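What's in protein20.pdb: PDB, C-alpha atoms
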ATOM      1  CA  MET I   1       8.540 -17.696  -2.339
ATOM      2  CA  LYS I   2      11.171 -18.153  -5.049
ATOM      3  CA  LYS I   3       9.722 -16.715  -8.276
ATOM      4  CA  VAL I   4       7.284 -13.817  -8.018
ATOM      5  CA  LEU I   5       4.957 -11.995 -10.408
ATOM      6  CA  ILE I   6       3.979  -8.489  -9.271
ATOM      7  CA  THR I   7       1.151  -6.454 -10.807
ATOM      8  CA  GLY I   8       1.011  -2.670 -10.471
ATOM      9  CA  SER I   9       4.802  -2.614 -10.290
ATOM     10  CA  LEU I  10       5.118   1.072 -11.163
ATOM     11  CA  GLY I  11       2.984   2.184  -8.219
ATOM     12  CA  GLN I  12       4.157   3.440  -4.835
ATOM     13  CA  ILE I  13       4.373   0.007  -3.210
ATOM     14  CA  GLY I  14       5.214  -1.918  -6.364
ATOM     15  CA  SER I  15       8.287   0.065  -7.361
ATOM     16  CA  GLU I  16       9.925  -0.448  -3.965
ATOM     17  CA  LEU I  17       8.833  -4.067  -3.601
ATOM     18  CA  VAL I  18      10.297  -4.925  -7.017
ATOM     19  CA  GLU I  19      13.613  -3.339  -6.043
ATOM     20  CA  ARG I  20      13.729  -5.209  -2.729
ATOM     21  CA  LEU I  21      12.765  -8.614  -4.142
ATOM     22  CA  ARG I  22      15.257  -8.328  -6.984
ATOM     23  CA  LYS I  23      17.937  -7.915  -4.323
ATOM     24  CA  ASP I  24      16.582 -10.816  -2.277
ATOM     25  CA  LEU I  25      15.686 -13.282  -5.029
ATOM     26  CA  GLY I  26      17.695 -12.130  -8.067
ATOM     27  CA  ASN I  27      16.571 -10.235 -11.178
ATOM     28  CA  ASP I  28      15.494 -13.392 -13.016
ATOM     29  CA  ASN I  29      13.083 -14.368 -10.249
ATOM     30  CA  VAL I  30      10.990 -11.189 -10.115
ATOM     31  CA  ILE I  31       8.545 -10.533 -12.954
ATOM     32  CA  ALA I  32       7.450  -6.904 -12.744
ATOM     33  CA  THR I  33       4.295  -5.981 -14.669
ATOM     34  CA  ASP I  34       2.168  -2.906 -15.235
ATOM     35  CA  ILE I  35      -0.312  -1.612 -17.798
ATOM     36  CA  ARG I  36       2.355   0.696 -19.246
ATOM     37  CA  LYS I  37       6.119   0.835 -19.628
ATOM     38  CA  LEU I  38       8.097   3.896 -18.548
ATOM     39  CA  ASP I  39      11.335   4.440 -20.446
ATOM     40  CA  GLY I  40      14.291   4.768 -18.105
ATOM     41  CA  ASN I  41      12.386   3.607 -15.022
ATOM     42  CA  PRO I  42      14.471   1.013 -13.108
ATOM     43  CA  VAL I  43      11.421  -1.234 -12.649
ATOM     44  CA  CYS I  44      11.252  -1.568 -16.443
ATOM     45  CA  THR I  45      14.969  -1.570 -17.268
ATOM     46  CA  GLU I  46      16.805  -3.387 -14.489
ATOM     47  CA  GLY I  47      15.097  -6.779 -14.633
ATOM     48  CA  ILE I  48      12.238  -8.683 -16.243
ATOM     49  CA  PHE I  49       9.287  -6.459 -17.125
ATOM     50  CA  GLU I  50       6.076  -7.315 -18.978
ATOM     51  CA  ILE I  51       3.180  -5.070 -19.978
ATOM     52  CA  LEU I  52       0.028  -6.501 -18.396
ATOM     53  CA  ASP I  53      -3.550  -5.299 -18.218
ATOM     54  CA  VAL I  54      -4.868  -7.232 -15.210
ATOM     55  CA  MET I  55      -8.340  -7.207 -16.781
ATOM     56  CA  ASN I  56      -6.992  -9.550 -19.481
ATOM     57  CA  TYR I  57      -7.047 -12.955 -17.799
ATOM     58  CA  ASP I  58      -5.564 -14.902 -20.709
ATOM     59  CA  ASN I  59      -2.515 -12.646 -20.913
ATOM     60  CA  PHE I  60      -2.189 -12.650 -17.120
ATOM     61  CA  LEU I  61      -2.144 -16.455 -17.044
ATOM     62  CA  ALA I  62       0.212 -16.685 -20.015
ATOM     63  CA  ILE I  63       2.822 -14.441 -18.383
ATOM     64  CA  ALA I  64       2.590 -16.341 -15.078
ATOM     65  CA  LYS I  65       2.999 -19.668 -16.917
ATOM     66  CA  LYS I  66       5.858 -18.360 -19.060
ATOM     67  CA  TYR I  67       7.988 -17.626 -16.005
ATOM     68  CA  HIS I  68       6.778 -20.550 -13.830
ATOM     69  CA  VAL I  69       5.986 -18.271 -10.887
ATOM     70  CA  ASP I  70       5.198 -19.664  -7.430
ATOM     71  CA  THR I  71       3.838 -16.400  -5.961
ATOM     72  CA  VAL I  72       1.463 -13.714  -7.279
ATOM     73  CA  ILE I  73       1.514 -10.295  -5.588
ATOM     74  CA  HIS I  74      -1.421  -8.276  -6.892
ATOM     75  CA  LEU I  75      -1.006  -4.528  -6.320
ATOM     76  CA  ALA I  76      -2.843  -3.067  -9.340
ATOM     77  CA  ALA I  77      -5.793  -1.011  -8.067
ATOM     78  CA  LEU I  78      -7.462   2.383  -8.175
ATOM     79  CA  LEU I  79      -6.847   4.295  -4.928
ATOM     80  CA  SER I  80      -9.371   5.960  -2.628
ATOM     81  CA  ALA I  81      -9.813   9.525  -3.883
ATOM     82  CA  THR I  82      -9.335   8.476  -7.520
ATOM     83  CA  ALA I  83     -11.953   5.722  -7.223
ATOM     84  CA  GLU I  84     -14.467   8.239  -5.845
ATOM     85  CA  LYS I  85     -14.184  10.223  -9.072
ATOM     86  CA  ASN I  86     -15.052   7.144 -11.142
ATOM     87  CA  PRO I  87     -16.712   4.544  -8.889
ATOM     88  CA  LYS I  88     -17.697   2.138 -11.679
ATOM     89  CA  PHE I  89     -14.169   1.975 -13.036
ATOM     90  CA  GLY I  90     -12.912   1.611  -9.454
ATOM     91  CA  TRP I  91     -15.142  -1.420  -8.926
ATOM     92  CA  ASP I  92     -14.377  -2.956 -12.326
ATOM     93  CA  LEU I  93     -10.615  -2.631 -11.994
ATOM     94  CA  ASN I  94     -10.268  -3.452  -8.311
ATOM     95  CA  MET I  95     -12.599  -6.450  -8.323
ATOM     96  CA  GLY I  96     -12.156  -7.694 -11.897
ATOM     97  CA  GLY I  97      -8.388  -7.506 -11.655
ATOM     98  CA  LEU I  98      -8.413  -9.208  -8.257
ATOM     99  CA  MET I  99     -10.581 -12.073  -9.466
ATOM    100  CA  ASN I 100      -8.289 -12.624 -12.458
ATOM    101  CA  ALA I 101      -5.262 -12.636 -10.152
ATOM    102  CA  LEU I 102      -6.922 -15.148  -7.816
ATOM    103  CA  ASP I 103      -7.865 -17.351 -10.774
ATOM    104  CA  VAL I 104      -4.234 -17.343 -11.902
ATOM    105  CA  ALA I 105      -3.147 -18.316  -8.394
ATOM    106  CA  LYS I 106      -5.790 -21.078  -8.336
ATOM    107  CA  GLU I 107      -4.784 -22.402 -11.756
ATOM    108  CA  LEU I 108      -1.044 -22.462 -11.018
ATOM    109  CA  LYS I 109      -1.319 -23.282  -7.276
ATOM    110  CA  THR I 110       0.764 -20.254  -6.238
ATOM    111  CA  LYS I 111       0.914 -18.247  -3.049
ATOM    112  CA  PHE I 112      -1.127 -15.063  -3.295
ATOM    113  CA  PHE I 113      -0.974 -11.603  -1.740
ATOM    114  CA  ALA I 114      -3.175  -8.564  -2.357
ATOM    115  CA  PRO I 115      -3.247  -5.622   0.059
ATOM    116  CA  SER I 116      -6.336  -4.415   1.819
ATOM    117  CA  SER I 117      -6.553  -1.082   3.639
ATOM    118  CA  ILE I 118      -7.835   0.720   6.708
ATOM    119  CA  ALA I 119     -10.359   2.094   4.194
ATOM    120  CA  ALA I 120     -12.196  -1.215   4.630
ATOM    121  CA  TYR I 121     -13.549   0.102   7.924
ATOM    122  CA  GLY I 122     -16.422   2.564   8.049
ATOM    123  CA  PRO I 123     -17.664   5.263  10.401
ATOM    124  CA  ASP I 124     -19.614   2.808  12.569
ATOM    125  CA  ALA I 125     -16.508   0.852  13.601
ATOM    126  CA  ASN I 126     -14.849   1.850  16.875
ATOM    127  CA  PRO I 127     -12.388   4.503  15.608
ATOM    128  CA  ASN I 128      -9.893   4.076  18.439
ATOM    129  CA  HIS I 129      -7.770   0.935  18.563
ATOM    130  CA  THR I 130     -10.097  -0.599  15.981
ATOM    131  CA  PRO I 131     -10.042  -4.385  16.460
ATOM    132  CA  GLN I 132      -9.062  -6.960  13.869
ATOM    133  CA  ASP I 133     -12.557  -8.423  13.683
ATOM    134  CA  THR I 134     -15.402  -5.908  13.766
ATOM    135  CA  VAL I 135     -18.202  -4.422  11.685
ATOM    136  CA  MET I 136     -16.990  -3.169   8.277
ATOM    137  CA  HIS I 137     -19.345  -0.774   6.482
ATOM    138  CA  PRO I 138     -17.109   1.479   4.339
ATOM    139  CA  THR I 139     -18.583   4.560   2.698
ATOM    140  CA  THR I 140     -16.182   4.774  -0.267
ATOM    141  CA  MET I 141     -15.946   2.641  -3.392
ATOM    142  CA  TYR I 142     -12.298   1.924  -2.582
ATOM    143  CA  GLY I 143     -13.293   0.675   0.867
ATOM    144  CA  VAL I 144     -16.146  -1.403  -0.588
ATOM    145  CA  THR I 145     -13.740  -3.123  -2.977
ATOM    146  CA  LYS I 146     -11.290  -3.790  -0.142
ATOM    147  CA  VAL I 147     -13.925  -5.491   2.036
ATOM    148  CA  ALA I 148     -15.201  -7.452  -0.958
ATOM    149  CA  GLY I 149     -11.608  -8.318  -1.855
ATOM    150  CA  GLU I 150     -10.904  -9.700   1.602
ATOM    151  CA  LEU I 151     -14.015 -11.859   1.396
ATOM    152  CA  LEU I 152     -13.160 -13.022  -2.110
ATOM    153  CA  ALA I 153      -9.601 -13.982  -1.147
ATOM    154  CA  ASN I 154     -10.913 -15.893   1.863
ATOM    155  CA  TYR I 155     -13.417 -17.637  -0.405
ATOM    156  CA  TYR I 156     -10.653 -18.748  -2.791
ATOM    157  CA  HIS I 157      -8.707 -20.066   0.201
ATOM    158  CA  THR I 158     -11.564 -22.089   1.686
ATOM    159  CA  ARG I 159     -13.160 -23.143  -1.637
ATOM    160  CA  TYR I 160     -10.084 -23.795  -3.781
ATOM    161  CA  GLY I 161      -7.181 -23.983  -1.340
ATOM    162  CA  VAL I 162      -5.440 -20.845  -2.632
ATOM    163  CA  ASP I 163      -2.757 -19.797  -0.134
ATOM    164  CA  SER I 164      -4.013 -16.209   0.030
ATOM    165  CA  ARG I 165      -2.645 -13.663   2.507
ATOM    166  CA  SER I 166      -3.165  -9.931   3.049
ATOM    167  CA  VAL I 167      -2.635  -6.921   5.297
ATOM    168  CA  ARG I 168      -4.713  -3.789   5.800
ATOM    169  CA  PHE I 169      -2.230  -1.056   5.020
ATOM    170  CA  PRO I 170      -2.420   2.299   6.777
ATOM    171  CA  GLY I 171      -1.180   5.463   5.047
ATOM    172  CA  LEU I 172       2.271   4.749   3.608
ATOM    173  CA  ILE I 173       5.186   7.189   3.635
ATOM    174  CA  SER I 174       8.053   6.962   1.144
ATOM    175  CA  TYR I 175      10.657   9.281  -0.368
ATOM    176  CA  LYS I 176      10.960   7.287  -3.612
ATOM    177  CA  SER I 177       7.523   7.893  -5.125
ATOM    178  CA  GLU I 178       5.683  11.167  -5.496
ATOM    179  CA  PRO I 179       2.287  11.540  -3.813
ATOM    180  CA  GLY I 180      -0.489   9.723  -5.681
ATOM    181  CA  GLY I 181      -4.274   9.580  -5.482
ATOM    182  CA  GLY I 182      -4.636   8.313  -1.932
ATOM    183  CA  THR I 183      -6.383  10.233   0.840
ATOM    184  CA  SER I 184      -3.413   9.714   3.158
ATOM    185  CA  ASP I 185      -0.870  10.953   0.603
ATOM    186  CA  TYR I 186      -0.734  14.365   2.257
ATOM    187  CA  ASN I 187       1.870  12.798   4.533
ATOM    188  CA  VAL I 188       4.372  12.414   1.682
ATOM    189  CA  ASP I 189       3.455  15.750   0.103
ATOM    190  CA  MET I 190       4.129  17.553   3.380
ATOM    191  CA  PHE I 191       7.742  16.372   3.325
ATOM    192  CA  TYR I 192       8.121  17.385  -0.333
ATOM    193  CA  GLN I 193       6.774  20.883   0.231
ATOM    194  CA  ALA I 194       8.676  21.370   3.488
ATOM    195  CA  LEU I 195      11.940  21.030   1.575
ATOM    196  CA  LEU I 196      10.930  22.625  -1.733
ATOM    197  CA  LYS I 197       8.705  25.522  -0.560
ATOM    198  CA  GLY I 198       9.030  25.770   3.204
ATOM    199  CA  SER I 199       5.240  25.675   3.553
ATOM    200  CA  TYR I 200       2.386  23.255   3.034
ATOM    201  CA  GLU I 201      -1.373  23.688   2.525
ATOM    202  CA  CYS I 202      -3.061  20.571   3.901
ATOM    203  CA  TYR I 203      -6.314  19.250   2.426
ATOM    204  CA  LEU I 204      -7.251  17.439   5.677
ATOM    205  CA  ALA I 205      -8.328  19.257   8.816
ATOM    206  CA  GLU I 206      -6.313  19.619  11.993
ATOM    207  CA  GLY I 207      -6.981  16.693  14.322
ATOM    208  CA  THR I 208      -7.657  14.173  11.524
ATOM    209  CA  LYS I 209      -5.788  11.188  12.905
ATOM    210  CA  MET I 210      -4.996   8.055  10.938
ATOM    211  CA  ASP I 211      -2.512   5.205  11.064
ATOM    212  CA  MET I 212       0.680   5.462   9.039
ATOM    213  CA  MET I 213       3.774   3.440   8.280
ATOM    214  CA  TYR I 214       7.157   3.970   6.641
ATOM    215  CA  MET I 215       7.479   2.098   3.359
ATOM    216  CA  ASP I 216      10.415  -0.060   4.498
ATOM    217  CA  ASP I 217       8.175  -1.553   7.189
ATOM    218  CA  ALA I 218       5.364  -2.104   4.662
ATOM    219  CA  ILE I 219       7.704  -3.995   2.311
ATOM    220  CA  ASP I 220       9.001  -6.097   5.202
ATOM    221  CA  ALA I 221       5.407  -6.885   6.189
ATOM    222  CA  ILE I 222       4.550  -8.252   2.735
ATOM    223  CA  ILE I 223       7.651 -10.433   2.605
ATOM    224  CA  ASN I 224       7.403 -11.652   6.192
ATOM    225  CA  LEU I 225       3.734 -12.559   5.843
ATOM    226  CA  LEU I 226       4.355 -14.462   2.601
ATOM    227  CA  ASN I 227       7.192 -16.366   4.285
ATOM    228  CA  ALA I 228       5.197 -17.088   7.461
ATOM    229  CA  ASP I 229       4.213 -20.608   8.488
ATOM    230  CA  PRO I 230       0.662 -21.089   7.110
ATOM    231  CA  LYS I 231      -0.253 -23.268  10.092
ATOM    232  CA  LYS I 232       0.070 -20.214  12.377
ATOM    233  CA  LEU I 233      -2.198 -17.977  10.299
ATOM    234  CA  VAL I 234      -5.708 -17.637  11.666
ATOM    235  CA  HIS I 235      -6.909 -14.539   9.811
ATOM    236  CA  ARG I 236      -5.088 -14.512   6.446
ATOM    237  CA  ASN I 237      -7.301 -11.892   4.739
ATOM    238  CA  SER I 238      -6.638  -9.470   6.230
ATOM    239  CA  PHE I 239      -4.322  -8.437   9.085
ATOM    240  CA  ASN I 240      -4.373  -5.009  10.723
ATOM    241  CA  ILE I 241      -0.870  -3.509  10.741
ATOM    242  CA  THR I 242       0.340  -0.066  11.801
ATOM    243  CA  ALA I 243       3.374   1.801  13.061
ATOM    244  CA  PHE I 244       1.989   5.070  14.468
ATOM    245  CA  SER I 245      -1.116   7.251  14.408
ATOM    246  CA  LEU I 246      -0.753  10.909  13.373
ATOM    247  CA  ALA I 247      -2.816  14.011  12.652
ATOM    248  CA  PRO I 248      -1.472  16.603  10.157
ATOM    249  CA  GLU I 249      -0.318  18.978  12.901
ATOM    250  CA  GLU I 250       1.630  16.152  14.580
ATOM    251  CA  LEU I 251       3.499  15.289  11.391
ATOM    252  CA  PHE I 252       4.102  19.014  10.906
ATOM    253  CA  ALA I 253       5.587  19.256  14.423
ATOM    254  CA  ALA I 254       7.925  16.320  13.718
ATOM    255  CA  ILE I 255       9.183  17.985  10.515
ATOM    256  CA  LYS I 256       9.443  21.417  12.160
ATOM    257  CA  LYS I 257      12.020  20.044  14.621
ATOM    258  CA  HIS I 258      14.372  19.806  11.626
ATOM    259  CA  ILE I 259      13.045  22.750   9.569
ATOM    260  CA  PRO I 260      12.167  25.460  12.138
ATOM    261  CA  ASP I 261      10.761  27.927   9.578
ATOM    262  CA  PHE I 262       8.334  25.400   8.079
ATOM    263  CA  LYS I 263       4.747  26.716   7.862
ATOM    264  CA  LEU I 264       1.447  24.786   7.778
ATOM    265  CA  SER I 265      -1.959  26.023   6.600
ATOM    266  CA  TYR I 266      -5.235  24.296   5.724
ATOM    267  CA  LYS I 267      -7.563  24.236   2.713
ATOM    268  CA  ILE I 268      -9.960  21.366   3.276
ATOM    269  CA  ASP I 269     -10.908  19.064   0.392
ATOM    270  CA  PRO I 270     -14.430  17.937   1.388
ATOM    271  CA  VAL I 271     -14.235  14.638  -0.508
ATOM    272  CA  LYS I 272     -10.912  13.600   0.995
ATOM    273  CA  GLN I 273     -11.941  14.862   4.427
ATOM    274  CA  ALA I 274     -15.110  12.764   4.343
ATOM    275  CA  ILE I 275     -13.057   9.723   3.360
ATOM    276  CA  ALA I 276     -10.541  10.295   6.152
ATOM    277  CA  ASP I 277     -13.312  10.858   8.703
ATOM    278  CA  SER I 278     -14.748   7.426   7.874
ATOM    279  CA  TRP I 279     -11.453   5.684   8.670
ATOM    280  CA  PRO I 280     -10.111   4.650  12.098
ATOM    281  CA  ASN I 281      -7.985   6.981  14.205
ATOM    282  CA  SER I 282      -5.868   4.005  15.274
ATOM    283  CA  ILE I 283      -6.058   0.233  14.818
ATOM    284  CA  ASP I 284      -5.153  -2.838  16.845
ATOM    285  CA  ASP I 285      -2.434  -4.913  15.154
ATOM    286  CA  SER I 286      -1.944  -7.464  17.948
ATOM    287  CA  ASP I 287      -3.073 -10.422  15.796
ATOM    288  CA  ALA I 288      -0.399  -9.712  13.165
ATOM    289  CA  LYS I 289       2.212  -9.540  15.909
ATOM    290  CA  LYS I 290       0.995 -12.792  17.445
ATOM    291  CA  GLU I 291       0.443 -14.861  14.280
ATOM    292  CA  TRP I 292       3.500 -13.938  12.193
ATOM    293  CA  GLY I 293       5.691 -11.653  14.257
ATOM    294  CA  PHE I 294       4.904  -8.274  12.709
ATOM    295  CA  LYS I 295       7.162  -5.599  14.190
ATOM    296  CA  PRO I 296       7.728  -2.179  12.577
ATOM    297  CA  GLU I 297      11.193  -0.652  12.888
ATOM    298  CA  PHE I 298      10.348   3.016  12.208
ATOM    299  CA  ASP I 299       8.650   5.307  14.707
ATOM    300  CA  VAL I 300       7.688   8.913  13.858
ATOM    301  CA  ASP I 301      11.070  10.454  14.678
ATOM    302  CA  LYS I 302      13.131   7.810  12.861
ATOM    303  CA  MET I 303      10.836   8.012   9.830
ATOM    304  CA  THR I 304      11.009  11.840   9.754
ATOM    305  CA  LYS I 305      14.810  11.913   9.863
ATOM    306  CA  GLU I 306      15.061   9.273   7.137
ATOM    307  CA  MET I 307      12.565  11.056   4.875
ATOM    308  CA  LEU I 308      14.287  14.421   5.145
ATOM    309  CA  VAL I 309      17.771  13.008   4.568
ATOM    310  CA  LYS I 310      16.724  10.890   1.576
ATOM    311  CA  LEU I 311      14.551  13.578  -0.013
ATOM    312  CA  THR I 312      17.322  16.169   0.373
ATOM    313  CA  GLU I 313      19.706  13.819  -1.445
ATOM    314  CA  LYS I 314      17.095  13.160  -4.128
ATOM    315  CA  PHE I 315      16.283  16.841  -4.717
ATOM    316  CA  LYS I 316      19.957  17.790  -4.895
ATOM    317  CA  LYS I 317      20.526  15.142  -7.577
ATOM    318  CA  GLU I 318      17.540  16.488  -9.503
ATOM    319  CA  GLY I 319      18.798  20.082  -9.149
ATOM    320  CA  LYS I 320      15.780  21.163  -7.085
ATOM    321  CA  LEU I 321      17.918  21.995  -4.042
ATOM    322  CA  LYS I 322      21.437  23.362  -3.752
TER     323      LYS I 322
END

Would you put the structure from the file into structure tokens?
Amino acid sequence: MKKVLITGSLGQIGSELVERLRKDLGNDNVIATDIRKLDGNPVCTEGIFEILDVMNYDNFLAIAKKYHVDTVIHLAALLSATAEKNPKFGWDLNMGGLMNALDVAKELKTKFFAPSSIAAYGPDANPNHTPQDTVMHPTTMYGVTKVAGELLANYYHTRYGVDSRSVRFPGLISYKSEPGGGTSDYNVDMFYQALLKGSYECYLAEGTKMDMMYMDDAIDAIINLLNADPKKLVHRNSFNITAFSLAPEELFAAIKKHIPDFKLSYKIDPVKQAIADSWPNSIDDSDAKKEWGFKPEFDVDKMTKEMLVKLTEKFKKEGKLK
């Protein structure tokens, strides 16, 4: 991996991956793309940036050829709760964009990465320590596109020899991006509101457990998997990975150790609750550990301390905290 094109670069994962790879590979070797350009955003101003609609294959291929990339990282997608509001657009973007990205990788013989998700599982999978290989019957459009995406990436590997690789991300926690349209994004919002308001109203019910991971570990996972020896990869698309499993009240308790007056209440969003209930409580990531050495660095306490320190610094700079 020496020259990388990244789609969806302004998203939660993309913005941090671009920053990291520019440090690792140099600004001229990371081609950040998104459907829009944000003035003043470092992704757009501190290195190469191209506007790209991933549904436009010709433009996609032209940009990849222009910069002679050897790796395509495809992050552009509609997230879980957002896709439920517009399922057809969710399917069209998530699958059409993915197929275009895979065709670019096939044409240029590049490495390829596109994330899957724990949303790929459904309510009939064993919810506790869910295995790598099991029944996958998701009940959301996002989950359907993730299962289909895994199968499609495997097809391009076996049929065309595309070096495709993927992980099933759990809920991701980061201080750099504001909460988006994901079902698990309450985890980031809870930190924001703990510092800004001292209280948080959670849209998921008490006891709703799901796997989570600090963003630094997620970025490391992408890079380490792409750099892994292909001969050791059995699964490719897609590996279970996780760092810890939490319910809202457990994350609240971790934050409350540092902010004793923090308050938590609940106002359940039935759509997001139904999505979360269809996902695993915890997953088995032993194959990722065995095949390419996955090892997260952040546990709950280390992640909580880091989030509160970094968000406090961020809010003070923005004038939101004194």

Care to translate the PyMOL selection byres ((chain I and resi 64) around 12) into actual residues of this file, as a VMD selection string?
chain I and resid 3 to 7 29 to 33 50 52 54 57 to 63 65 to 73 100 to 101 103 to 110

Within 10 Å of stretch 187-204 of chain I, counting only C-alpha atoms, which residues qualify if same-chain residues fewer than 4 places away don't, as a ChimeraX atom specification?
/I:171-180,183,208-209,212,246-249,251-252,255-256,259-277,304,307-308,311-312,315,320-321

Chain and number of each residue from the PyMOL selection byres ((chain I and resi 164) around 10), as a VMD selection string:
chain I and resid 71 to 73 102 105 to 106 110 to 114 150 152 to 158 161 to 163 165 to 166 226 230 236 to 238

Determine the residue set returned by the PyMOL selection byres ((chain I and resi 140) around 8) for the present structure, and present it as a tab-separated table (two decimals) with C-alpha atoms, in the frame of the given file.
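New file part15.tsv:
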chain	number	residue	atom	x	y	z
I	80	SER	CA	-9.37	5.96	-2.63
I	84	GLU	CA	-14.47	8.24	-5.84
I	119	ALA	CA	-10.36	2.09	4.19
I	138	PRO	CA	-17.11	1.48	4.34
I	139	THR	CA	-18.58	4.56	2.70
I	141	MET	CA	-15.95	2.64	-3.39
I	142	TYR	CA	-12.30	1.92	-2.58
I	143	GLY	CA	-13.29	0.68	0.87
I	144	VAL	CA	-16.15	-1.40	-0.59
I	275	ILE	CA	-13.06	9.72	3.36

Neighbouring residues of I:Pro170 were defined as those with any atom within 10 Å, considering only C-alpha atoms; residues of the same chain fewer than 5 positions away were excluded. Please report them as number ranges by chain.
I: 116-119, 184, 210-214, 218, 240-245, 279-280, 282-283

Which residues, written as JSON, numbers by chain, have at least one atom at most 7 Å from stretch 14-16 of chain I, with all atoms listed in the file counted and residues fewer than 6 positions away on the same chain left out?
{"I": [8, 43, 75]}

Which value, in Å to one decimal, gives the distance between atom CA of I:Lys232 and atom CA of I:Trp292?
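About the pair atom CA of I:Lys232 and atom CA of I:Trp292: they are 7.2 Å apart.
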
Which residue gives the smallest distance to I:Ser278 among I:Gly11, I:Pro87, I:Gly97, I:Gly122, with only C-alpha atoms counted?
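Looking at the shortest contact to I:Ser278, the residue is I:Gly122.
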
So that I can check the surroundings of I:Asp220, please list as a VMD selection string every protein, DNA and RNA residue that reaches within 12 Å of it, counting all atoms listed in the file and ignoring chain neighbours fewer than 6 positions away.
chain I and resid 13 16 to 17 20 to 21 24 167 213 to 214 226 to 228 241 292 to 298

By how many Å are atom CA of I:Pro131 and atom CA of I:Leu233 apart?
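Pair atom CA of I:Pro131 / atom CA of I:Leu233 returns 16.9 Å.
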
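The space separating atom CA of I:Ala288 from atom CA of I:Ala83 comes to 28.1 Å.
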
Leaving out I:Asn27 and any residue of its chain fewer than 3 positions from it, which residues lie within 8 Å of it when counting only C-alpha atoms, given as a PyMOL selection string?
chain I and resi 22-23+30+46-48
